[in-house]
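A short worksheet on the structure shown next.
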Amino acid sequence: MVYVHIVMFLTFQIIANLFFKWGASNPAAVHCSLAQEYWGFILGNIVGVTSIIFMIGMYKALPAASVVAIGTGGTFLLVQIVMYLLYRERLSLTAIGGIMLIFAGIMLVAFCNRPVAADDSAAAGNHSSK
């Protein structure tokens with residue numbers, strides 16, 4: 001069930017960002033109409049706030065660090081990909097490198113997140129002298 005929450009959260013976040021981008025852009029004019037800005041803002045926020053319901057489901061099943069990594073980092077990565085595909089937003093080599101590092105960070109935090117317990121520090125060689 002947690003995977004459904006993750007997919008729905010990320011999907012709603014992408015849709016919200018697309019509404020924000022649509023509200024701020026109009027290819028036919030330099031400045032988009034005020035009505036389009038408002039609708040982009042309103043629709044983006046409605047979809048974005050709705051995504052929080054799925055984030056709550058993620059918090060119920062996963063550690064907070066994993067939820068933040070998947071939610072924030074995953075949204076960033078997927079929005080970058082979608083904006084590139086739909087709006088042909090350019091990415092520099094440095095930006096692509098940063099995106100790959102963020103992906104690696106998400107993988108490390110979300111899937112390799114094993115907290116260090118107090119007993120583990122003694123096993124690691126931190127023995128106290130008596």
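Following the order of the structure tokens, first chain is A, next is B, and so on, with residues numbered from 1 inside each chain and ligands from 1 in the order they appear.
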>> as a VMD selection string, please: the residues near Ile106 in chain A (cut-off 9 Å, only C-alpha atoms, same-chain neighbours under 5 positions excluded).
In response: chain A and resid 66 69 to 70 73 to 74 101 111
For N, CA and C atoms, I'd like the residues from the last selection saved as an mmCIF file, in the first residue's frame.
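As written to disk, part.cif reads:
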```
data_model
loop_
_atom_site.group_PDB
_atom_site.id
_atom_site.type_symbol
_atom_site.label_atom_id
_atom_site.label_comp_id
_atom_site.auth_asym_id
_atom_site.auth_seq_id
_atom_site.Cartn_x
_atom_site.Cartn_y
_atom_site.Cartn_z
ATOM 1 N N SER A 66 13.183 8.676 5.072
ATOM 2 C CA SER A 66 12.854 8.061 3.780
ATOM 3 C C SER A 66 11.739 8.834 3.087
ATOM 4 N N ALA A 69 13.179 12.073 1.721
ATOM 5 C CA ALA A 69 14.038 11.808 0.562
ATOM 6 C C ALA A 69 13.215 11.464 -0.670
ATOM 7 N N ILE A 70 12.262 10.569 -0.509
ATOM 8 C CA ILE A 70 11.433 10.166 -1.646
ATOM 9 C C ILE A 70 10.519 11.305 -2.077
ATOM 10 N N GLY A 73 13.035 14.780 -2.876
ATOM 11 C CA GLY A 73 13.988 14.457 -3.942
ATOM 12 C C GLY A 73 13.323 13.836 -5.153
ATOM 13 N N GLY A 74 12.385 12.919 -4.911
ATOM 14 C CA GLY A 74 11.683 12.283 -6.014
ATOM 15 C C GLY A 74 10.866 13.269 -6.823
ATOM 16 N N LEU A 101 23.441 12.914 -8.529
ATOM 17 C CA LEU A 101 23.830 12.853 -7.118
ATOM 18 C C LEU A 101 22.602 12.842 -6.207
ATOM 19 N N PHE A 111 16.522 3.657 0.949
ATOM 20 C CA PHE A 111 16.584 2.205 0.896
ATOM 21 C C PHE A 111 17.748 1.597 1.669
#
```
>> Considering only helix (DSSP H, G or I) as DSSP defines it on the backbone, what residues of chain A qualify? List them as a ChimeraX atom specification.
In response: /A:2-24,34-61,64-87,93-111,118-123
>> Just want the 12 Å neighbourhood of Met58 in chain A, counted on only C-alpha atoms, with same-chain residues fewer than 3 positions away dropped. Output as a VMD selection string.
In response: chain A and resid 1 to 10 51 to 55 61 to 71 110
>> Measuring between only C-alpha atoms, which one of A:Leu34, A:Met107, A:Leu18, A:Leu85 shows the shortest distance to Gly48 in chain A?
In response: A:Leu18
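Taking only C-alpha atoms, the non-local environment of Gly40 in chain A within 6 Å (same-chain residues fewer than 4 positions away omitted) comprises A:Phe19, A:Phe20, A:Gly23, A:Gln36, A:Gly44.
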Keeping only C-alpha atoms, write the selected residues as a PDB file, in the first residue's frame.
```pdb
ATOM      1  CA  PHE A  19      -0.300  23.690 -13.413  1.00  0.00           C
ATOM      2  CA  PHE A  20       2.154  26.215 -11.938  1.00  0.00           C
ATOM      3  CA  GLY A  23      -0.087  29.401 -15.191  1.00  0.00           C
ATOM      4  CA  GLN A  36      -4.244  32.068 -16.547  1.00  0.00           C
ATOM      5  CA  GLY A  44      -1.655  23.801  -8.695  1.00  0.00           C
TER       6      GLY A  44
END
```
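When only C-alpha atoms are used to compute distances to Asn17 in chain A, the closest of the residues A:Thr50, A:Lys60, A:Tyr38, A:Thr75 turns out to be A:Thr75.
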>> Can you tell me which residues surround Ile81 in chain A at a distance of at most 12 Å, considering only C-alpha atoms, apart from same-chain residues fewer than 6 positions away, and format the answer as a ChimeraX atom specification?
In response: /A:14,17-18,74-75,87-91,95-96,99-100
Same residues, N, CA, C and O atoms, output as a tab-separated table (two decimals), in the first residue's frame:
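part-v7.tsv, written as the output of this step:
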```tsv
chain	number	residue	atom	x	y	z
A	14	ILE	N	3.74	16.23	-9.57
A	14	ILE	CA	4.07	16.56	-10.96
A	14	ILE	C	2.94	17.36	-11.58
A	14	ILE	O	3.18	18.38	-12.24
A	17	ASN	N	2.94	20.91	-10.30
A	17	ASN	CA	4.00	21.71	-10.91
A	17	ASN	C	3.69	22.05	-12.36
A	17	ASN	O	4.04	23.13	-12.83
A	18	LEU	N	3.03	21.15	-13.07
A	18	LEU	CA	2.61	21.45	-14.44
A	18	LEU	C	1.58	22.58	-14.46
A	18	LEU	O	1.62	23.44	-15.34
A	74	GLY	N	12.38	12.92	-4.91
A	74	GLY	CA	11.68	12.28	-6.01
A	74	GLY	C	10.87	13.27	-6.82
A	74	GLY	O	10.86	13.22	-8.06
A	75	THR	N	10.21	14.18	-6.12
A	75	THR	CA	9.45	15.22	-6.83
A	75	THR	C	10.38	16.06	-7.68
A	75	THR	O	10.10	16.32	-8.86
A	87	TYR	N	8.45	20.80	-21.94
A	87	TYR	CA	8.78	22.20	-22.22
A	87	TYR	C	10.18	22.38	-22.80
A	87	TYR	O	10.62	23.50	-23.01
A	88	ARG	N	10.90	21.29	-22.99
A	88	ARG	CA	12.26	21.32	-23.52
A	88	ARG	C	13.17	22.25	-22.71
A	88	ARG	O	13.99	22.97	-23.27
A	89	GLU	N	12.99	22.21	-21.39
A	89	GLU	CA	13.85	23.00	-20.51
A	89	GLU	C	15.26	22.42	-20.59
A	89	GLU	O	15.46	21.22	-20.49
A	90	ARG	N	16.21	23.27	-20.78
A	90	ARG	CA	17.61	22.83	-20.95
A	90	ARG	C	18.23	22.48	-19.60
A	90	ARG	O	17.98	23.16	-18.61
A	91	LEU	N	19.05	21.45	-19.61
A	91	LEU	CA	19.80	21.06	-18.43
A	91	LEU	C	21.28	21.08	-18.78
A	91	LEU	O	21.69	20.47	-19.77
A	95	ALA	N	24.02	20.44	-14.04
A	95	ALA	CA	22.69	20.13	-13.52
A	95	ALA	C	22.40	18.63	-13.61
A	95	ALA	O	21.85	18.04	-12.68
A	96	ILE	N	22.79	18.02	-14.71
A	96	ILE	CA	22.59	16.57	-14.86
A	96	ILE	C	23.41	15.81	-13.81
A	96	ILE	O	22.92	14.86	-13.20
A	99	ILE	N	21.61	16.17	-10.55
A	99	ILE	CA	20.42	15.31	-10.53
A	99	ILE	C	20.82	13.87	-10.23
A	99	ILE	O	20.15	13.17	-9.45
A	100	MET	N	21.91	13.42	-10.81
A	100	MET	CA	22.37	12.05	-10.55
A	100	MET	C	22.81	11.89	-9.09
A	100	MET	O	22.55	10.86	-8.47
```
